[in-house]
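Data from start06.csv: CSV, C-alpha atoms and all ligand atoms
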chain,number,residue,atom,x,y,z
A,1,MET,CA,-13.0,-1.8,-7.1
A,2,LYS,CA,-11.8,1.7,-6.6
A,3,LYS,CA,-13.1,4.3,-9.1
A,4,ASP,CA,-9.8,6.0,-9.4
A,5,LYS,CA,-9.6,8.0,-12.6
A,6,THR,CA,-5.8,8.1,-12.5
A,7,LYS,CA,-4.4,4.9,-13.9
A,8,LYS,CA,-2.7,2.8,-11.3
A,9,PRO,CA,0.5,1.2,-12.2
A,10,GLU,CA,0.3,-2.5,-11.7
A,11,TRP,CA,2.9,-2.6,-9.0
A,12,ALA,CA,0.9,-0.2,-6.8
A,13,PRO,CA,-0.5,-1.9,-3.7
A,14,GLU,CA,-3.9,-3.4,-4.0
A,15,ALA,CA,-5.4,-2.0,-0.8
A,16,ASP,CA,-5.0,1.2,1.1
A,17,ASN,CA,-3.4,3.4,-1.5
A,18,ASP,CA,-2.4,5.8,1.2
A,19,ALA,CA,0.7,3.8,1.7
A,20,PHE,CA,1.7,4.4,-1.9
A,21,ALA,CA,4.5,6.9,-1.8
A,22,GLY,CA,3.7,8.3,-5.2
A,23,ARG,CA,0.5,9.8,-3.9
A,24,ILE,CA,1.8,12.0,-1.2
A,25,ILE,CA,-0.4,15.1,-1.3
A,26,SER,CA,-0.3,16.9,2.0
A,27,GLY,CA,-1.8,20.3,2.1
A,28,ARG,CA,-0.6,22.7,4.8
A,29,GLY,CA,-3.1,23.9,7.3
A,30,GLY,CA,-5.4,20.9,7.3
A,31,GLU,CA,-6.2,18.1,4.9
A,32,GLY,CA,-7.1,19.5,1.5
A,33,ALA,CA,-7.5,23.1,2.9
A,34,ASP,CA,-5.4,24.7,0.4
A,35,HIS,CA,-5.7,22.1,-2.3
A,36,PRO,CA,-6.0,23.9,-5.6
A,37,GLU,CA,-9.2,22.1,-6.3
A,38,GLY,CA,-10.6,23.1,-3.0
A,39,SER,CA,-13.6,20.9,-2.7
A,40,ALA,CA,-13.3,17.6,-0.9
A,41,SER,CA,-16.1,16.2,-3.0
A,42,LEU,CA,-13.6,15.7,-5.7
A,43,HIS,CA,-11.9,13.3,-3.4
A,44,PRO,CA,-14.5,11.3,-1.8
A,45,LYS,CA,-11.9,9.5,0.3
A,46,VAL,CA,-10.0,12.1,2.3
A,47,ARG,CA,-6.3,11.4,1.8
A,48,ARG,CA,-4.2,10.8,4.7
A,49,LYS,CA,-0.6,12.0,4.9
A,50,THR,CA,2.0,9.6,3.7
A,51,LEU,CA,4.3,8.6,6.5
A,52,GLY,CA,8.0,8.7,6.5
A,53,SER,CA,9.9,5.7,8.0
A,54,GLU,CA,10.5,7.4,11.3
A,55,ALA,CA,6.8,8.1,11.7
A,56,TYR,CA,6.0,4.5,11.0
A,57,VAL,CA,8.6,3.4,13.6
A,58,ALA,CA,7.3,5.8,16.2
A,59,GLY,CA,3.7,4.9,15.6
A,60,ILE,CA,4.4,1.2,15.8
A,61,LEU,CA,6.4,1.5,19.0
A,62,ASN,CA,3.6,3.6,20.4
A,63,GLY,CA,1.2,0.8,19.7
A,64,ASP,CA,-0.8,2.9,17.2
A,65,ARG,CA,-3.0,0.4,15.5
A,66,ALA,CA,-3.7,2.6,12.5
A,67,VAL,CA,0.0,3.1,11.8
A,68,LEU,CA,0.6,-0.6,12.4
A,69,GLY,CA,-2.1,-1.4,9.8
A,70,ARG,CA,-0.5,0.9,7.3
A,71,ALA,CA,3.0,-0.5,7.9
A,72,ILE,CA,1.6,-3.9,7.2
A,73,THR,CA,0.2,-2.7,4.0
A,74,LEU,CA,3.6,-1.3,3.1
A,75,ILE,CA,5.1,-4.8,3.8
A,76,GLU,CA,2.5,-6.4,1.6
A,77,SER,CA,3.3,-4.1,-1.3
A,78,ASN,CA,5.4,-5.5,-4.1
A,79,ALA,CA,6.6,-2.0,-5.2
A,80,GLU,CA,10.3,-1.5,-5.0
A,81,ALA,CA,10.0,1.8,-3.2
A,82,HIS,CA,7.7,0.2,-0.6
A,83,ILE,CA,10.0,-2.8,-0.1
A,84,ILE,CA,12.9,-0.5,0.6
A,85,GLN,CA,10.9,1.6,3.1
A,86,ALA,CA,9.4,-1.5,4.7
A,87,GLN,CA,12.9,-2.9,5.3
A,88,GLU,CA,14.0,0.4,6.9
A,89,VAL,CA,11.0,0.3,9.2
A,90,LEU,CA,11.6,-3.4,10.0
A,91,ARG,CA,15.2,-2.9,10.8
A,92,ALA,CA,14.3,-0.1,13.2
A,93,VAL,CA,11.7,-2.0,15.1
A,94,LEU,CA,13.5,-5.4,15.1
A,95,PRO,CA,15.2,-4.9,18.5
A,96,HIS,CA,11.7,-4.3,20.0
A,97,SER,CA,10.2,-7.7,19.2
A,98,GLY,CA,11.6,-9.7,22.1
A,99,GLY,CA,9.7,-11.2,25.0
A,100,THR,CA,6.9,-12.6,22.8
A,101,ILE,CA,5.6,-16.1,21.9
A,102,ARG,CA,4.6,-17.1,18.4
A,103,VAL,CA,2.1,-19.9,18.2
A,104,GLY,CA,1.2,-21.6,14.9
A,105,ILE,CA,-2.2,-23.4,14.7
A,106,THR,CA,-3.0,-25.9,12.0
A,107,GLY,CA,-5.7,-28.4,11.3
A,108,VAL,CA,-7.9,-29.6,8.5
A,109,PRO,CA,-10.5,-27.1,7.2
A,110,GLY,CA,-13.3,-27.0,9.7
A,111,ALA,CA,-11.3,-28.4,12.6
A,112,GLY,CA,-12.2,-25.3,14.6
A,113,LYS,CA,-9.0,-23.3,14.3
A,114,SER,CA,-10.7,-19.9,14.2
A,115,THR,CA,-13.1,-20.8,17.0
A,116,LEU,CA,-10.2,-21.9,19.1
A,117,ILE,CA,-8.3,-18.7,18.4
A,118,GLU,CA,-11.4,-16.8,19.5
A,119,ALA,CA,-11.6,-18.7,22.8
A,120,LEU,CA,-7.9,-18.8,23.4
A,121,GLY,CA,-7.5,-15.1,22.4
A,122,MET,CA,-10.2,-14.0,24.8
A,123,HIS,CA,-8.7,-16.1,27.6
A,124,LEU,CA,-5.3,-14.4,26.9
A,125,LEU,CA,-6.8,-11.0,27.0
A,126,GLU,CA,-8.3,-11.7,30.4
A,127,LEU,CA,-4.8,-12.7,31.6
A,128,GLY,CA,-3.6,-9.3,30.4
A,129,HIS,CA,-1.9,-10.3,27.2
A,130,ARG,CA,-2.2,-8.5,23.9
A,131,VAL,CA,-3.0,-10.8,21.0
A,132,ALA,CA,-2.3,-10.6,17.3
A,133,VAL,CA,-3.9,-13.0,14.9
A,134,LEU,CA,-2.4,-13.6,11.5
A,135,ALA,CA,-2.9,-16.2,8.9
A,136,VAL,CA,-1.0,-18.0,6.2
A,137,ASP,CA,-3.3,-19.0,3.4
A,138,PRO,CA,-1.8,-19.1,0.0
A,139,SER,CA,-5.2,-19.8,-1.5
A,140,SER,CA,-6.7,-16.6,-0.1
A,141,SER,CA,-6.2,-14.7,-3.3
A,142,ILE,CA,-8.9,-16.9,-4.7
A,143,SER,CA,-11.2,-17.3,-1.7
A,144,GLY,CA,-10.7,-13.7,-0.5
A,145,GLY,CA,-9.1,-14.9,2.7
A,146,SER,CA,-10.9,-17.3,5.0
A,147,ILE,CA,-9.8,-15.4,8.0
A,148,LEU,CA,-11.8,-12.5,6.9
A,149,GLY,CA,-15.0,-14.5,6.8
A,150,ASP,CA,-13.7,-15.9,10.1
A,151,LYS,CA,-14.1,-12.5,11.7
A,152,THR,CA,-17.5,-13.7,12.5
A,153,ARG,CA,-15.9,-16.7,14.2
A,154,MET,CA,-13.7,-14.3,16.1
A,155,GLU,CA,-16.4,-11.8,16.8
A,156,LYS,CA,-15.5,-10.9,20.4
A,157,LEU,CA,-11.8,-11.0,19.8
A,158,SER,CA,-12.0,-8.8,16.7
A,159,ARG,CA,-13.9,-6.1,18.6
A,160,HIS,CA,-11.5,-6.1,21.6
A,161,PRO,CA,-9.0,-3.3,21.8
A,162,GLY,CA,-6.3,-5.6,23.0
A,163,SER,CA,-6.3,-7.7,19.9
A,164,PHE,CA,-5.3,-7.2,16.3
A,165,ILE,CA,-6.5,-9.4,13.5
A,166,ARG,CA,-5.0,-9.4,10.1
A,167,PRO,CA,-6.1,-11.6,7.2
A,168,SER,CA,-3.6,-13.6,5.2
A,169,PRO,CA,-1.8,-11.4,2.6
A,170,SER,CA,-3.3,-12.2,-0.8
A,171,GLY,CA,-1.1,-12.9,-3.7
A,172,GLY,CA,0.0,-16.1,-5.1
A,173,ALA,CA,2.9,-18.2,-4.0
A,174,LEU,CA,3.4,-19.5,-0.5
A,175,GLY,CA,6.9,-18.0,-0.3
A,176,GLY,CA,5.6,-14.5,-0.7
A,177,VAL,CA,2.7,-15.0,1.7
A,178,ALA,CA,5.0,-16.5,4.3
A,179,ARG,CA,7.5,-13.6,4.0
A,180,LYS,CA,4.8,-11.0,4.5
A,181,THR,CA,3.4,-12.9,7.5
A,182,ARG,CA,6.8,-13.2,9.1
A,183,GLU,CA,7.4,-9.5,8.7
A,184,THR,CA,3.9,-8.6,9.9
A,185,MET,CA,4.6,-10.7,13.0
A,186,LEU,CA,7.7,-8.6,13.8
A,187,LEU,CA,5.7,-5.4,13.4
A,188,CYS,CA,3.0,-6.6,15.7
A,189,GLU,CA,5.5,-7.6,18.3
A,190,ALA,CA,7.1,-4.2,18.2
A,191,ALA,CA,3.7,-2.7,18.6
A,192,GLY,CA,3.3,-4.5,21.9
A,193,PHE,CA,1.4,-7.7,21.0
A,194,ASP,CA,3.1,-10.3,23.0
A,195,VAL,CA,1.2,-13.4,21.8
A,196,ILE,CA,1.1,-14.0,18.1
A,197,LEU,CA,-1.3,-16.6,16.8
A,198,VAL,CA,-0.9,-17.8,13.2
A,199,GLU,CA,-3.6,-19.8,11.7
A,200,THR,CA,-2.9,-22.0,8.7
A,201,VAL,CA,-5.1,-24.5,7.0
A,202,GLY,CA,-3.8,-28.0,7.2
A,203,VAL,CA,-3.3,-28.7,3.5
A,204,GLY,CA,0.0,-28.8,1.7
A,205,GLN,CA,3.1,-26.9,2.4
A,206,SER,CA,1.8,-24.0,4.4
A,207,GLU,CA,2.2,-25.9,7.6
A,208,ILE,CA,5.9,-26.3,7.1
A,209,ALA,CA,6.1,-22.6,6.3
A,210,VAL,CA,4.3,-21.7,9.5
A,211,ARG,CA,6.3,-24.2,11.6
A,212,SER,CA,9.4,-22.3,10.5
A,213,MET,CA,8.2,-19.0,11.8
A,214,VAL,CA,6.7,-19.9,15.2
A,215,ASP,CA,8.0,-21.1,18.6
A,216,PHE,CA,5.2,-23.5,19.3
A,217,PHE,CA,3.1,-25.4,16.8
A,218,LEU,CA,-0.3,-26.7,17.7
A,219,LEU,CA,-2.1,-29.3,15.7
A,220,LEU,CA,-5.8,-29.3,16.0
A,221,GLN,CA,-7.5,-32.6,15.2
A,222,ILE,CA,-11.1,-33.8,15.0
A,223,THR,CA,-12.7,-37.2,15.1
A,224,GLY,CA,-13.7,-38.5,11.8
A,225,GLY,CA,-15.9,-41.5,11.0
A,226,GLY,CA,-14.0,-44.7,11.6
A,227,ASP,CA,-10.3,-45.1,11.8
A,228,GLU,CA,-8.9,-41.9,13.3
A,229,LEU,CA,-5.3,-42.6,12.3
A,230,GLN,CA,-6.0,-43.2,8.7
A,231,GLY,CA,-6.3,-39.6,7.9
A,232,ILE,CA,-3.3,-38.4,9.8
A,233,LYS,CA,-0.5,-37.0,7.8
A,234,LYS,CA,2.4,-38.3,9.8
A,235,GLY,CA,4.5,-35.4,8.6
A,236,VAL,CA,2.3,-32.9,10.3
A,237,MET,CA,2.2,-34.9,13.5
A,238,GLU,CA,6.0,-34.7,13.6
A,239,LEU,CA,5.9,-31.0,13.6
A,240,ALA,CA,3.5,-30.6,16.5
A,241,ASP,CA,4.4,-29.5,20.0
A,242,ALA,CA,0.9,-30.3,21.1
A,243,VAL,CA,-2.0,-32.2,19.5
A,244,VAL,CA,-5.4,-31.2,20.6
A,245,VAL,CA,-8.6,-33.1,19.6
A,246,ASN,CA,-11.2,-30.4,19.3
A,247,LYS,CA,-15.0,-30.6,19.5
A,248,ALA,CA,-14.9,-32.8,22.6
A,249,ASP,CA,-18.4,-31.8,23.6
A,250,GLY,CA,-21.9,-33.4,23.6
A,251,GLU,CA,-22.0,-36.8,22.0
A,252,ASN,CA,-18.5,-36.4,20.6
A,253,ARG,CA,-16.9,-36.4,24.0
A,254,ALA,CA,-16.2,-40.2,24.1
A,255,PRO,CA,-15.0,-40.5,20.5
A,256,ALA,CA,-12.7,-37.5,21.1
A,257,GLU,CA,-11.2,-39.1,24.1
A,258,SER,CA,-10.6,-42.3,22.2
A,259,ALA,CA,-9.0,-40.4,19.3
A,260,ARG,CA,-6.8,-38.7,21.9
A,261,GLN,CA,-5.5,-42.0,23.0
A,262,ASP,CA,-4.9,-43.1,19.4
A,263,PHE,CA,-2.9,-40.0,18.7
A,264,ALA,CA,-0.9,-40.3,21.9
A,265,MET,CA,-0.1,-43.9,20.9
A,266,ALA,CA,0.9,-42.8,17.4
A,267,LEU,CA,3.1,-40.1,18.8
A,268,ARG,CA,5.2,-42.5,20.7
A,269,TYR,CA,6.7,-43.7,17.5
A,270,LEU,CA,7.6,-40.3,16.2
A,271,PRO,CA,10.6,-38.2,16.9
A,272,ALA,CA,10.0,-35.1,19.1
A,273,ALA,CA,9.2,-32.0,17.2
A,274,THR,CA,11.2,-30.0,19.8
A,275,GLU,CA,14.2,-31.7,21.4
A,276,GLY,CA,13.6,-32.4,25.0
A,277,TRP,CA,9.8,-31.8,24.8
A,278,LYS,CA,7.2,-34.5,24.9
A,279,THR,CA,4.3,-33.6,22.7
A,280,PRO,CA,1.2,-33.8,24.9
A,281,VAL,CA,-2.2,-34.8,23.5
A,282,ARG,CA,-5.4,-33.3,24.9
A,283,THR,CA,-9.0,-32.8,24.1
A,284,CYS,CA,-10.9,-29.5,24.1
A,285,SER,CA,-14.0,-27.8,23.0
A,286,ALA,CA,-13.3,-24.5,21.4
A,287,LEU,CA,-17.0,-23.8,21.4
A,288,SER,CA,-17.6,-24.3,25.2
A,289,GLY,CA,-14.1,-23.2,26.2
A,290,GLU,CA,-13.4,-26.4,28.0
A,291,GLY,CA,-9.7,-27.2,27.9
A,292,ILE,CA,-8.7,-23.9,26.5
A,293,GLY,CA,-6.9,-22.7,29.6
A,294,GLU,CA,-5.0,-25.9,29.7
A,295,ILE,CA,-3.7,-25.3,26.2
A,296,TRP,CA,-2.2,-22.0,27.3
A,297,GLU,CA,-0.7,-23.7,30.3
A,298,ILE,CA,1.0,-26.2,28.0
A,299,ILE,CA,2.4,-23.3,25.9
A,300,CYS,CA,3.7,-21.6,29.0
A,301,GLU,CA,5.3,-24.8,30.2
A,302,PHE,CA,6.9,-25.3,26.8
A,303,ARG,CA,8.3,-21.8,26.8
A,304,GLU,CA,9.7,-22.2,30.3
A,305,ALA,CA,11.3,-25.5,29.5
A,306,THR,CA,12.8,-24.4,26.2
A,307,VAL,CA,14.0,-21.1,27.4
A,308,LYS,CA,15.8,-22.8,30.3
A,309,ALA,CA,17.4,-25.3,28.0
A,310,GLY,CA,18.4,-22.5,25.6
A,311,ARG,CA,16.4,-24.0,22.7
A,312,PHE,CA,13.9,-21.3,22.5
A,313,GLU,CA,16.4,-18.7,21.4
A,314,LEU,CA,18.3,-21.1,19.4
A,315,ARG,CA,15.3,-22.0,17.3
A,316,ARG,CA,14.5,-18.4,16.7
A,317,ARG,CA,18.1,-17.8,15.5
A,318,ARG,CA,18.0,-20.7,13.2
A,319,GLN,CA,14.7,-19.6,11.9
A,320,ALA,CA,16.1,-16.2,11.1
A,321,ARG,CA,19.0,-17.8,9.3
A,322,GLU,CA,16.8,-20.2,7.3
A,323,TRP,CA,14.6,-17.3,6.4
A,324,MET,CA,17.5,-15.3,5.1
A,325,LEU,CA,18.7,-18.3,3.0
A,326,SER,CA,15.3,-18.9,1.6
A,327,LEU,CA,15.0,-15.2,0.6
A,328,ILE,CA,18.2,-15.5,-1.3
A,329,GLY,CA,17.0,-18.7,-2.9
A,330,ASP,CA,13.8,-17.0,-4.0
A,331,TYR,CA,15.6,-14.0,-5.3
A,332,LEU,CA,18.0,-16.1,-7.4
A,333,GLU,CA,15.2,-18.3,-8.7
A,334,ASN,CA,13.3,-15.2,-9.8
A,335,LEU,CA,16.4,-13.8,-11.4
A,336,PHE,CA,16.9,-17.0,-13.4
A,337,TYR,CA,13.4,-17.5,-14.6
A,338,GLN,CA,12.8,-13.8,-15.4
A,339,HIS,CA,16.0,-13.5,-17.4
A,340,PRO,CA,15.1,-12.8,-21.1
A,341,ASP,CA,17.7,-15.3,-22.3
A,342,ILE,CA,16.2,-18.0,-20.2
A,343,ILE,CA,12.7,-17.1,-21.2
A,344,ALA,CA,13.8,-17.3,-24.8
A,345,GLN,CA,15.5,-20.6,-24.6
A,346,MET,CA,13.5,-22.4,-22.0
A,347,PRO,CA,10.6,-23.7,-24.1
A,348,GLU,CA,12.8,-25.4,-26.6
A,349,ILE,CA,15.0,-27.1,-24.0
A,350,GLU,CA,12.0,-28.0,-22.0
A,351,GLN,CA,10.5,-29.7,-25.1
A,352,ALA,CA,13.7,-31.6,-25.7
A,353,VAL,CA,13.6,-32.9,-22.1
A,354,MET,CA,9.9,-33.9,-22.4
A,355,SER,CA,10.4,-35.7,-25.6
A,356,GLY,CA,13.4,-37.6,-24.2
A,357,LYS,CA,15.9,-36.1,-26.6
A,358,LEU,CA,17.9,-34.4,-23.8
A,359,PRO,CA,18.6,-35.7,-20.3
A,360,PRO,CA,17.3,-33.4,-17.6
A,361,THR,CA,20.8,-33.0,-16.1
A,362,THR,CA,22.3,-31.9,-19.4
A,363,ALA,CA,19.3,-29.6,-20.0
A,364,ALA,CA,19.7,-28.0,-16.5
A,365,ARG,CA,23.4,-27.4,-17.0
A,366,GLN,CA,22.8,-25.9,-20.4
A,367,LEU,CA,20.2,-23.5,-19.1
A,368,LEU,CA,22.4,-22.5,-16.1
A,369,GLN,CA,25.3,-22.0,-18.5
A,370,ILE,CA,23.2,-19.7,-20.6
A,371,PHE,CA,22.3,-17.8,-17.5
A,372,GLU,CA,25.8,-17.5,-16.3
A,373,GLU,CA,27.0,-16.3,-19.7
A,374,ALA,CA,24.1,-13.8,-19.8
A,375,LEU,CA,25.1,-12.5,-16.4
A,376,LYS,CA,28.6,-11.9,-17.5
A,377,SER,CA,27.6,-10.0,-20.6
A,378,ASP,CA,25.0,-8.0,-18.6
A,379,ARG,CA,27.8,-6.6,-16.4
A,401,LIG,N1,-19.4,-28.8,18.5
A,401,LIG,C1,-18.3,-28.0,18.2
A,401,LIG,N2,-18.2,-27.3,17.1
A,401,LIG,C2,-17.1,-26.6,16.9
A,401,LIG,C3,-16.1,-26.5,17.8
A,401,LIG,N3,-15.1,-25.7,17.3
A,401,LIG,C4,-15.6,-25.3,16.1
A,401,LIG,N4,-16.8,-25.8,15.8
A,401,LIG,C5,-17.5,-25.6,14.6
A,401,LIG,O1,-16.8,-26.1,13.5
A,401,LIG,C6,-17.0,-25.3,12.4
A,401,LIG,C7,-15.7,-24.8,11.8
A,401,LIG,O2,-15.1,-24.0,12.7
A,401,LIG,P1,-13.9,-23.0,12.3
A,401,LIG,O3,-13.4,-22.4,13.6
A,401,LIG,O4,-14.3,-22.1,11.3
A,401,LIG,O5,-12.8,-24.0,11.7
A,401,LIG,P2,-11.5,-23.6,11.0
A,401,LIG,O6,-10.6,-24.7,11.3
A,401,LIG,O7,-11.0,-22.3,11.3
A,401,LIG,O8,-11.9,-23.7,9.5
A,401,LIG,P3,-11.1,-23.1,8.2
A,401,LIG,O9,-10.6,-21.7,8.5
A,401,LIG,O10,-12.2,-23.1,7.1
A,401,LIG,O11,-10.0,-24.1,7.9
A,401,LIG,C8,-17.9,-24.1,12.9
A,401,LIG,O12,-19.2,-24.4,12.5
A,401,LIG,C9,-17.7,-24.1,14.4
A,401,LIG,O13,-18.8,-23.6,15.1
A,401,LIG,C10,-16.2,-27.2,19.1
A,401,LIG,O14,-15.4,-27.2,20.0
A,401,LIG,N5,-17.3,-28.0,19.2
A,402,MG,MG,-10.5,-20.6,10.1
Hey, can you dump this file as structure tokens for me?
Ligand SMILES: Nc1nc2c(ncn2[C@@H]2O[C@H](COP(=O)(O)OP(=O)(O)OP(=O)(O)O)[C@@H](O)[C@H]2O)c(=O)[nH]1
Ligand SMILES: [Mg+2]
Amino acid sequence: MKKDKTKKPEWAPEADNDAFAGRIISGRGGEGADHPEGSASLHPKVRRKTLGSEAYVAGILNGDRAVLGRAITLIESNAEAHIIQAQEVLRAVLPHSGGTIRVGITGVPGAGKSTLIEALGMHLLELGHRVAVLAVDPSSSISGGSILGDKTRMEKLSRHPGSFIRPSPSGGALGGVARKTRETMLLCEAAGFDVILVETVGVGQSEIAVRSMVDFFLLLQITGGGDELQGIKKGVMELADAVVVNKADGENRAPAESARQDFAMALRYLPAATEGWKTPVRTCSALSGEGIGEIWEIICEFREATVKAGRFELRRRRQAREWMLSLIGDYLENLFYQHPDIIAQMPEIEQAVMSGKLPPTTAARQLLQIFEEALKSDR
């Protein structure tokens, strides 16, 4: 925890207070030089100048990692002033985020996603790409962000100047986490990172959120004891543009190969995740690097095929539209649930529904009517 004596409003960003517009203190002639209090010891952490939107944009387009990091902090903030500035920055950099590929990687905890990202990331750097690694992990506010701990799994990658790793934004609901990750992705692209890898843990809704923000979705599988197919969530298989059985090394080679065949068989009965693309199933070892090059080849093939067919761009456009609609949905939902009249009347109506006195439909209509009336009188 920071030992700030000044009380921080609760809407101030959690990390990196430098991005907080209310704290602009820039002394002329060097940092703190003519600060009335003179001594830097009063401010153990030397304050950096707050950036204006243009400085953010210029820094990002120049590939300045420090500015990029601060811009992401801005995006992660829930303060109204930051949201407005972040949108300004985003709008300015948006035209610069083309020519990239966004790859989502999912799999059960421990499947080897981070290890694979390390291997694939290093491979991509060798090919001359610049790689950004992001994560969507709605539980990270509790766990502190698995990808952070994973930096040890991505040791080489995290030290390489051609890569940029950002842990999952913390803070509650999946919707918020996903929004921040999407926007972070755009900033990274504008900063010159041409391959974006998004890790998400294969539990719950986060896979669907990630699928809706990437071009290519990779499902990482592992062999379990016994029936491989039993544990498969069919829904996730349906989203995958490639299925890769990881940890195909040592004694696990043969079981991995047999799992691969099972998955390939199961996929035959599923609709294609991307029209016109047959989802391949492979094995790999993220640990030894075997099969990693092939994964990238598949991704390139996919891009070539979908660009040619016009589906690549179409998907991105649809994703942008869906994103807009879901933002509106989130906003309206918030407006509804946060309205004082709704807060006041909700418990009673909820009770009535739960005790069977009021049909849910009637109750919903009643609440919506209360809301509509309240909006009218708010005007
Ligand atoms: N033998 C073998 N072990 C692997 C391989 N890939 C990953 N592992 C090991 O599996 C464990 C989990 O790897 P991670 O990369 O952290 O898995 P993850 O899917 O990112 O896990 P979460 O982020 O917790 O969901 C680690 O101990 C890795 O060393 C592999 O190809 N072969
Ligand atoms: Mg991981």
Enumerate, in order of chain and increasing residue number, the residues of chain A with an atom no farther than 8 Å from ligand LIG 401 (chain A), each with its shortest atom pair and distance in Å to one decimal, counting all atoms listed in the file, as CSV.
residue,atom,partner,partner_atom,distance
A:Thr106,CA,A:LIG401,O6,7.7
A:Gly107,CA,A:LIG401,O6,6.1
A:Val108,CA,A:LIG401,O11,5.9
A:Pro109,CA,A:LIG401,O11,3.1
A:Gly110,CA,A:LIG401,O8,3.6
A:Ala111,CA,A:LIG401,O6,4.0
A:Gly112,CA,A:LIG401,O5,3.2
A:Lys113,CA,A:LIG401,O6,3.7
A:Ser114,CA,A:LIG401,O3,3.7
A:Thr115,CA,A:LIG401,O3,3.8
A:Leu116,CA,A:LIG401,O3,6.4
A:Ile117,CA,A:LIG401,O3,7.9
A:Ser146,CA,A:LIG401,O9,5.6
A:Ile147,CA,A:LIG401,O9,6.4
A:Asp150,CA,A:LIG401,O4,6.3
A:Arg153,CA,A:LIG401,O3,6.3
A:Glu199,CA,A:LIG401,O7,7.8
A:Thr200,CA,A:LIG401,O11,7.4
A:Val201,CA,A:LIG401,O11,5.0
A:Gly202,CA,A:LIG401,O11,7.4
A:Asn246,CA,A:LIG401,O14,5.3
A:Lys247,CA,A:LIG401,O14,3.5
A:Ala248,CA,A:LIG401,O14,6.2
A:Asp249,CA,A:LIG401,N5,5.9
A:Gly250,CA,A:LIG401,N1,7.3
A:Asn252,CA,A:LIG401,N1,7.9
A:Cys284,CA,A:LIG401,O14,6.5
A:Ser285,CA,A:LIG401,O14,3.4
A:Ala286,CA,A:LIG401,O14,3.7
A:Leu287,CA,A:LIG401,O14,4.0
A:Ser288,CA,A:LIG401,O14,6.3
A:Gly289,CA,A:LIG401,O14,7.5
Do a neighbour search on Ile105 (chain A) at 12 Å with all atoms listed in the file, toss out local chain neighbours closer than 4 positions, and write the hits as JSON, numbers by chain. {"A": [109, 111, 112, 113, 114, 115, 116, 117, 120, 133, 134, 135, 136, 196, 197, 198, 199, 200, 201, 202, 206, 207, 208, 209, 210, 211, 213, 214, 215, 216, 217, 218, 219, 220, 221, 236, 239, 240, 241, 242, 243, 244, 295]}
Separation of CA of Glu297 (chain A) from CA of Arg315 (chain A) in Å: 20.7 Å
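Residue nearest ligand MG 402 (chain A) within the list A:Pro167, A:Gly63, A:Gly329, A:Gly52: A:Pro167 [criterion: smallest interatomic distance, all atoms listed in the file].
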Do a neighbour search on Phe193 (chain A) at 7 Å with only C-alpha atoms, toss out local chain neighbours closer than 2 positions, and write the hits as number ranges by chain. A: 130-132, 188-189, 191, 195-196
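With CA of Leu267 (chain A) on one side and CA of Pro280 (chain A) on the other, the separation reads 9.0 Å.
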Record the distance separating CA of Ala173 (chain A) and CA of Pro138 (chain A), expressed in Å with one decimal.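 CA of Pro138 (chain A) lies at a distance of 6.2 Å from CA of Ala173 (chain A).
Ranking A:Leu314, A:Leu358, A:Ala266, A:Met154 by their shortest atom-to-atom distance to ligand MG 402 (chain A), with all atoms listed in the file included, puts A:Met154 first.
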Ligand MG 402 (chain A) proximity check over A:Met237, A:Glu118, A:Gly293, A:Asn62, using all atoms listed in the file: winner is A:Glu118
Under the rule that only C-alpha atoms are counted, which of A:Gly99, A:Ile349, A:Leu174, A:Tyr56 is the nearest residue to Arg70 (chain A)?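 Using only C-alpha atoms, the shortest distance to Arg70 (chain A) belongs to A:Tyr56.
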Selection as a list in words: residues within 9 Å of (-9.0, -9.6, 24.5), counting only C-alpha atoms: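 Those within range, by chain then number, are Gly121, Met122, His123, Leu124, Leu125, Glu126, Leu127, Gly128, His129, Arg130, Val131, Lys156, Leu157, Ser158, Arg159, His160, Pro161, Gly162 and Ser163 of chain A.
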Considering all atoms listed in the file, can you say which of A:Glu257, A:Glu183, A:Glu155, A:Glu238 comes closest to Leu90 (chain A)?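 Checking each candidate against Leu90 (chain A), we get A:Glu183 as the closest.
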Sphere at (13.5, 1.5, 6.1), radius 12 Å, counting only C-alpha atoms: residues as a VMD selection string: chain A and resid 51 to 57 71 74 to 75 80 to 94
Write a file of the just-selected residues containing C-alpha atoms, as a compact mmCIF listing (two decimals), keeping the file's coordinate frame.
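Just written: again11.txt:
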# COMPACT_ATOMS: atom_id res chain seq x y z
CA LEU A 51 4.30 8.60 6.50
CA GLY A 52 8.00 8.70 6.50
CA SER A 53 9.90 5.70 8.00
CA GLU A 54 10.50 7.40 11.30
CA ALA A 55 6.80 8.10 11.70
CA TYR A 56 6.00 4.50 11.00
CA VAL A 57 8.60 3.40 13.60
CA ALA A 71 3.00 -0.50 7.90
CA LEU A 74 3.60 -1.30 3.10
CA ILE A 75 5.10 -4.80 3.80
CA GLU A 80 10.30 -1.50 -5.00
CA ALA A 81 10.00 1.80 -3.20
CA HIS A 82 7.70 0.20 -0.60
CA ILE A 83 10.00 -2.80 -0.10
CA ILE A 84 12.90 -0.50 0.60
CA GLN A 85 10.90 1.60 3.10
CA ALA A 86 9.40 -1.50 4.70
CA GLN A 87 12.90 -2.90 5.30
CA GLU A 88 14.00 0.40 6.90
CA VAL A 89 11.00 0.30 9.20
CA LEU A 90 11.60 -3.40 10.00
CA ARG A 91 15.20 -2.90 10.80
CA ALA A 92 14.30 -0.10 13.20
CA VAL A 93 11.70 -2.00 15.10
CA LEU A 94 13.50 -5.40 15.10
For region 61-66 of chain A, write C-alpha atoms out as a compact mmCIF listing (two decimals), in the first residue's frame.
# COMPACT_ATOMS: atom_id res chain seq x y z
CA LEU A 61 2.93 5.92 -32.01
CA ASN A 62 6.65 6.19 -31.32
CA GLY A 63 6.56 2.86 -29.58
CA ASP A 64 7.52 4.38 -26.23
CA ARG A 65 6.86 1.58 -23.77
CA ALA A 66 6.71 3.82 -20.72
